[in-house]
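So the structure is just underneath, and the comments pick up after that.
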Amino acid sequence: MSELVFFSGTMDCGKSTLALQMDHNRSARGRRGLVFTRNDRAGHGLLSSRLGLATPAVEVDSATDLYDYVTRSLDTDPLVDYVICDEAQFLTAVQVEQLASVVDDLGLDVFAFGITTDFRTRLFPGSQRLIELADRVQVLQVETVCWCGVRATHNARTVNGVMVLEGEQVAVGDVGAEGAVAYEVLCRKHYRARMSSAQNGHADRSDRVATG
């Protein structure tokens, strides 16, 4: 039976790396798939991980009809039998419903990857609908760690190192630029205390692109 599976977790838990690995494993065994992404850190039309791996992907925007795209792809290549969608938190609720239709009507496996909540601890619309519709929701077990050493559970947004709770839900940019929006993972205690690594004098050495 085909499935809609949602792999979720905080930033840095290896979602994109797993998406790349799943695509590699299947394609290496002769299976054919479609890879979708939106707002990847590496740029337009790529699925990338922070480990430096990447693969071409179909860039999705809010107007993309995923069911129609998959259907047209099957007309060209009937052997396509799975779909991978990274950064699935950025999908609309309607696009998630289209992925469910790909599973139910076309018989393809769909594997979606994304973070669950934004920097305000609110569910992304795409993640919410995936939780509601997925056959399985799998929380990834690669543990991310707050600057204090405790397991991280929250995605925090910072500007100039200061944690913020206001702004658009999605912000994408170059975190290396002065004054740029950045992200880091925090434990609940330090998220609630509004205490980023910079505010506590700890260097956060990860290179992040702000995506949620």
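Convention: chains lettered A, B, ... in structure tokens order; per-chain residue numbering from 1; ligands numbered from 1 as shown.
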Please provide as JSON, numbers by chain all residues within 6 Å of stretch 114-126 of chain A, with the sequence filter that same-chain residues fewer than 2 positions apart are discarded (counting only C-alpha atoms). {"A": [8, 9, 10, 87, 88, 89, 90, 91, 92, 93, 128, 129, 155, 156, 157, 165, 212]}
File of the preceding selection, all heavy atoms, as a compact mmCIF listing (two decimals), in the first residue's frame:
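Result file is again-v1.txt:
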# COMPACT_ATOMS: atom_id res chain seq x y z
N SER A 8 9.29 14.82 10.51
CA SER A 8 9.38 16.15 11.09
C SER A 8 10.39 16.21 12.23
O SER A 8 10.85 15.18 12.73
CB SER A 8 8.01 16.60 11.61
OG SER A 8 7.63 15.82 12.74
N GLY A 9 10.71 17.42 12.63
CA GLY A 9 11.65 17.65 13.71
C GLY A 9 12.05 19.11 13.72
O GLY A 9 11.57 19.91 12.92
N THR A 10 12.96 19.47 14.61
CA THR A 10 13.47 20.84 14.64
C THR A 10 14.49 21.03 13.52
O THR A 10 14.87 20.07 12.83
CB THR A 10 14.15 21.13 15.98
OG1 THR A 10 15.25 20.23 16.16
CG2 THR A 10 13.19 21.00 17.15
N GLU A 87 11.06 20.70 2.73
CA GLU A 87 10.53 21.99 3.18
C GLU A 87 9.01 22.01 3.07
O GLU A 87 8.39 23.01 2.67
CB GLU A 87 11.14 23.15 2.37
CG GLU A 87 12.65 23.17 2.32
CD GLU A 87 13.31 23.42 3.68
OE1 GLU A 87 12.59 23.68 4.66
OE2 GLU A 87 14.55 23.36 3.76
N ALA A 88 8.40 20.89 3.46
CA ALA A 88 6.96 20.72 3.29
C ALA A 88 6.14 21.64 4.18
O ALA A 88 4.95 21.83 3.94
CB ALA A 88 6.58 19.26 3.56
N GLN A 89 6.78 22.25 5.19
CA GLN A 89 6.05 23.20 6.02
C GLN A 89 5.56 24.39 5.21
O GLN A 89 4.59 25.05 5.58
CB GLN A 89 6.91 23.68 7.19
CG GLN A 89 8.07 24.60 6.82
CD GLN A 89 9.35 23.84 6.51
OE1 GLN A 89 9.33 22.63 6.33
NE2 GLN A 89 10.47 24.55 6.47
N PHE A 90 6.21 24.67 4.08
CA PHE A 90 5.85 25.82 3.26
C PHE A 90 4.73 25.53 2.27
O PHE A 90 4.30 26.43 1.54
CB PHE A 90 7.07 26.34 2.51
CG PHE A 90 8.17 26.84 3.41
CD1 PHE A 90 9.49 26.55 3.12
CD2 PHE A 90 7.89 27.58 4.54
CE1 PHE A 90 10.52 27.01 3.94
CE2 PHE A 90 8.90 28.04 5.37
CZ PHE A 90 10.22 27.76 5.07
N LEU A 91 4.28 24.29 2.19
CA LEU A 91 3.16 23.97 1.31
C LEU A 91 1.87 24.58 1.85
O LEU A 91 1.73 24.81 3.05
CB LEU A 91 2.99 22.45 1.21
CG LEU A 91 4.15 21.65 0.62
CD1 LEU A 91 3.80 20.17 0.62
CD2 LEU A 91 4.50 22.12 -0.79
N THR A 92 0.93 24.82 0.96
CA THR A 92 -0.40 25.23 1.41
C THR A 92 -1.18 23.99 1.83
O THR A 92 -0.82 22.85 1.48
CB THR A 92 -1.16 25.94 0.29
OG1 THR A 92 -1.43 25.01 -0.77
CG2 THR A 92 -0.35 27.12 -0.26
N ALA A 93 -2.27 24.21 2.56
CA ALA A 93 -3.11 23.08 2.95
C ALA A 93 -3.66 22.36 1.72
O ALA A 93 -3.75 21.12 1.69
CB ALA A 93 -4.26 23.58 3.83
N GLN A 128 0.61 21.47 9.63
CA GLN A 128 -0.65 21.15 10.30
C GLN A 128 -1.48 20.19 9.46
O GLN A 128 -2.02 19.19 9.96
CB GLN A 128 -1.45 22.42 10.57
CG GLN A 128 -2.81 22.14 11.21
CD GLN A 128 -3.58 23.41 11.53
OE1 GLN A 128 -3.00 24.47 11.69
NE2 GLN A 128 -4.90 23.30 11.61
N ARG A 129 -1.58 20.47 8.16
CA ARG A 129 -2.41 19.61 7.30
C ARG A 129 -1.76 18.24 7.12
O ARG A 129 -2.48 17.23 7.03
CB ARG A 129 -2.61 20.29 5.94
CG ARG A 129 -3.81 19.71 5.17
CD ARG A 129 -5.10 20.01 5.88
NE ARG A 129 -6.26 19.45 5.17
CZ ARG A 129 -7.16 18.66 5.74
NH1 ARG A 129 -7.04 18.33 7.02
NH2 ARG A 129 -8.19 18.20 5.06
N ASN A 155 12.36 26.23 17.51
CA ASN A 155 13.08 26.99 16.49
C ASN A 155 12.94 28.48 16.81
O ASN A 155 11.82 29.00 16.83
CB ASN A 155 12.52 26.71 15.10
CG ASN A 155 12.53 25.23 14.77
OD1 ASN A 155 13.56 24.58 14.83
ND2 ASN A 155 11.36 24.69 14.42
N ALA A 156 14.05 29.15 17.06
CA ALA A 156 14.00 30.57 17.41
C ALA A 156 14.55 31.42 16.28
O ALA A 156 15.50 31.03 15.60
CB ALA A 156 14.81 30.82 18.69
N ARG A 157 13.96 32.59 16.09
CA ARG A 157 14.46 33.56 15.11
C ARG A 157 15.19 34.67 15.86
O ARG A 157 14.74 35.14 16.91
CB ARG A 157 13.30 34.16 14.32
CG ARG A 157 13.74 35.23 13.31
CD ARG A 157 12.55 35.86 12.60
NE ARG A 157 11.95 34.93 11.65
CZ ARG A 157 10.88 35.23 10.91
NH1 ARG A 157 10.29 36.41 11.04
NH2 ARG A 157 10.38 34.34 10.07
N LEU A 165 10.03 37.75 18.26
CA LEU A 165 8.77 37.00 18.15
C LEU A 165 7.79 37.66 17.20
O LEU A 165 6.63 37.24 17.13
CB LEU A 165 8.13 36.86 19.53
CG LEU A 165 8.85 35.93 20.51
CD1 LEU A 165 8.18 35.98 21.87
CD2 LEU A 165 8.88 34.51 19.98
N GLY A 212 12.31 29.52 8.40
CA GLY A 212 11.07 29.20 9.09
C GLY A 212 10.96 29.89 10.40
O GLY A 212 11.89 30.37 10.96
What residues in stretch 87-205 of chain A get the DSSP label helix (DSSP H, G or I)? Please answer as number ranges by chain. A: 88-90, 93-106, 125-133, 188-192
Give me a file of those residues, with N, CA and C atoms, as a compact mmCIF listing (two decimals), in the first residue's frame.
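Written output follows (out_36.txt):
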# COMPACT_ATOMS: atom_id res chain seq x y z
N ALA A 88 8.40 20.89 3.46
CA ALA A 88 6.96 20.72 3.29
C ALA A 88 6.14 21.64 4.18
N GLN A 89 6.78 22.25 5.19
CA GLN A 89 6.05 23.20 6.02
C GLN A 89 5.56 24.39 5.21
N PHE A 90 6.21 24.67 4.08
CA PHE A 90 5.85 25.82 3.26
C PHE A 90 4.73 25.53 2.27
N ALA A 93 -2.27 24.21 2.56
CA ALA A 93 -3.11 23.08 2.95
C ALA A 93 -3.66 22.36 1.72
N VAL A 94 -3.99 23.11 0.69
CA VAL A 94 -4.51 22.50 -0.55
C VAL A 94 -3.44 21.63 -1.20
N GLN A 95 -2.20 22.07 -1.19
CA GLN A 95 -1.12 21.27 -1.78
C GLN A 95 -0.90 19.97 -1.01
N VAL A 96 -1.07 20.00 0.29
CA VAL A 96 -0.97 18.76 1.07
C VAL A 96 -2.10 17.82 0.69
N GLU A 97 -3.28 18.36 0.49
CA GLU A 97 -4.40 17.53 0.05
C GLU A 97 -4.12 16.94 -1.33
N GLN A 98 -3.43 17.69 -2.18
CA GLN A 98 -3.04 17.16 -3.49
C GLN A 98 -2.07 15.99 -3.34
N LEU A 99 -1.16 16.09 -2.37
CA LEU A 99 -0.24 14.97 -2.13
C LEU A 99 -1.00 13.74 -1.64
N ALA A 100 -2.01 13.95 -0.81
CA ALA A 100 -2.82 12.81 -0.36
C ALA A 100 -3.53 12.16 -1.55
N SER A 101 -3.96 12.97 -2.50
CA SER A 101 -4.59 12.43 -3.71
C SER A 101 -3.60 11.66 -4.56
N VAL A 102 -2.34 12.11 -4.59
CA VAL A 102 -1.30 11.36 -5.31
C VAL A 102 -1.17 9.96 -4.74
N VAL A 103 -1.25 9.84 -3.42
CA VAL A 103 -1.17 8.52 -2.77
C VAL A 103 -2.42 7.70 -3.07
N ASP A 104 -3.58 8.28 -2.81
CA ASP A 104 -4.83 7.52 -2.88
C ASP A 104 -5.28 7.22 -4.30
N ASP A 105 -5.10 8.17 -5.21
CA ASP A 105 -5.63 8.02 -6.57
C ASP A 105 -4.60 7.47 -7.55
N LEU A 106 -3.32 7.81 -7.33
CA LEU A 106 -2.28 7.40 -8.27
C LEU A 106 -1.42 6.26 -7.75
N PRO A 125 1.04 26.05 8.22
CA PRO A 125 -0.16 25.47 7.60
C PRO A 125 0.10 24.13 6.92
N GLY A 126 1.22 24.02 6.21
CA GLY A 126 1.53 22.76 5.56
C GLY A 126 1.76 21.64 6.55
N SER A 127 2.48 21.92 7.61
CA SER A 127 2.75 20.90 8.63
C SER A 127 1.46 20.49 9.34
N GLN A 128 0.61 21.47 9.63
CA GLN A 128 -0.65 21.15 10.30
C GLN A 128 -1.48 20.19 9.46
N ARG A 129 -1.58 20.47 8.16
CA ARG A 129 -2.41 19.61 7.30
C ARG A 129 -1.76 18.24 7.12
N LEU A 130 -0.45 18.19 7.10
CA LEU A 130 0.22 16.89 7.02
C LEU A 130 -0.04 16.06 8.26
N ILE A 131 0.01 16.68 9.42
CA ILE A 131 -0.30 15.95 10.66
C ILE A 131 -1.72 15.41 10.62
N GLU A 132 -2.62 16.20 10.04
CA GLU A 132 -4.03 15.79 9.97
C GLU A 132 -4.27 14.67 8.97
N LEU A 133 -3.49 14.63 7.87
CA LEU A 133 -3.80 13.70 6.78
C LEU A 133 -2.82 12.54 6.62
N ARG A 188 13.11 24.49 25.61
CA ARG A 188 11.93 25.28 25.97
C ARG A 188 12.24 26.36 27.00
N LYS A 189 13.08 26.02 27.97
CA LYS A 189 13.41 26.98 29.02
C LYS A 189 14.01 28.25 28.45
N HIS A 190 14.99 28.12 27.57
CA HIS A 190 15.66 29.31 27.04
C HIS A 190 14.85 29.98 25.93
N TYR A 191 13.97 29.23 25.28
CA TYR A 191 13.04 29.86 24.35
C TYR A 191 12.08 30.76 25.14
N ARG A 192 11.52 30.23 26.21
CA ARG A 192 10.57 31.02 27.00
C ARG A 192 11.25 32.20 27.69
Mind giving me the straight-line distance from atom CA of A:Leu47 to atom CA of A:Phe6 in Å, one decimal? 16.6 Å
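In the backbone-derived DSSP annotation, strand (DSSP E) within stretch 16-117 of chain A comprises Arg32, Gly33, Leu34, Val35, Phe36, Thr37, Leu46, Leu47, Ser48, Ala54, Thr55, Pro56, Val58, Glu59, Val80, Asp81, Tyr82, Val83, Ile84, Cys85, Asp109, Val110, Phe111, Ala112, Phe113 and Gly114 of chain A.
The shortest atom-to-atom distance to A:Arg136, with only C-alpha atoms taken into account, belongs to A:Asp109 out of A:Glu168, A:Asp40, A:Asp23, A:Asp109.
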Can you list, as an MDAnalysis selection string, every protein, DNA or RNA residue that comes within 10 Å of A:Ala57 when you count only C-alpha atoms, leaving out same-chain residues fewer than 3 positions away? chainID A and resid 34:38 40 44:48 54 60 84:86
With N, CA and C atoms retained, could you export that selection as a tab-separated table (two decimals), in the first residue's frame?
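Ended up saving to selection33.tsv:
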chain	number	residue	atom	x	y	z
A	34	LEU	N	9.99	11.79	-8.16
A	34	LEU	CA	9.95	13.23	-8.34
A	34	LEU	C	10.35	13.88	-7.03
A	35	VAL	N	11.19	14.91	-7.10
A	35	VAL	CA	11.66	15.60	-5.92
A	35	VAL	C	11.20	17.05	-5.98
A	36	PHE	N	10.46	17.47	-4.95
A	36	PHE	CA	9.98	18.84	-4.85
A	36	PHE	C	10.64	19.54	-3.66
A	37	THR	N	10.77	20.85	-3.76
A	37	THR	CA	11.24	21.62	-2.62
A	37	THR	C	10.73	23.04	-2.74
A	38	ARG	N	10.89	23.81	-1.66
A	38	ARG	CA	10.53	25.23	-1.70
A	38	ARG	C	11.41	25.99	-0.72
A	40	ASP	N	14.66	26.35	-0.50
A	40	ASP	CA	15.84	25.65	0.04
A	40	ASP	C	16.97	26.63	0.29
A	44	HIS	N	17.23	28.26	-5.67
A	44	HIS	CA	16.09	27.80	-6.46
A	44	HIS	C	16.37	26.44	-7.09
A	45	GLY	N	15.39	25.53	-6.99
A	45	GLY	CA	15.47	24.27	-7.70
A	45	GLY	C	16.48	23.29	-7.16
A	46	LEU	N	16.75	23.34	-5.86
A	46	LEU	CA	17.70	22.41	-5.24
A	46	LEU	C	17.13	21.89	-3.93
A	47	LEU	N	17.44	20.62	-3.65
A	47	LEU	CA	17.23	20.06	-2.32
A	47	LEU	C	18.62	19.83	-1.76
A	48	SER	N	18.94	20.49	-0.65
A	48	SER	CA	20.29	20.41	-0.11
A	48	SER	C	20.26	20.14	1.39
A	54	ALA	N	23.51	17.75	-2.29
A	54	ALA	CA	22.40	18.42	-2.96
A	54	ALA	C	21.98	17.62	-4.18
A	60	VAL	N	8.68	24.56	-5.92
A	60	VAL	CA	7.24	24.73	-5.74
A	60	VAL	C	6.95	26.15	-5.28
A	84	ILE	N	9.13	12.83	-3.30
A	84	ILE	CA	9.77	13.39	-2.12
A	84	ILE	C	9.53	14.89	-2.13
A	85	CYS	N	9.11	15.42	-1.00
A	85	CYS	CA	8.86	16.85	-0.90
A	85	CYS	C	9.55	17.39	0.35
A	86	ASP	N	10.60	18.18	0.14
A	86	ASP	CA	11.32	18.78	1.27
A	86	ASP	C	10.77	20.18	1.54
Closest of A:Asn25, A:Gln199, A:Ala112, A:Leu66 to A:Val137, counting only C-alpha atoms, is A:Ala112
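Pairwise distance (atom CA of A:Glu166, atom CA of A:Ala182) equals 13.4 Å.
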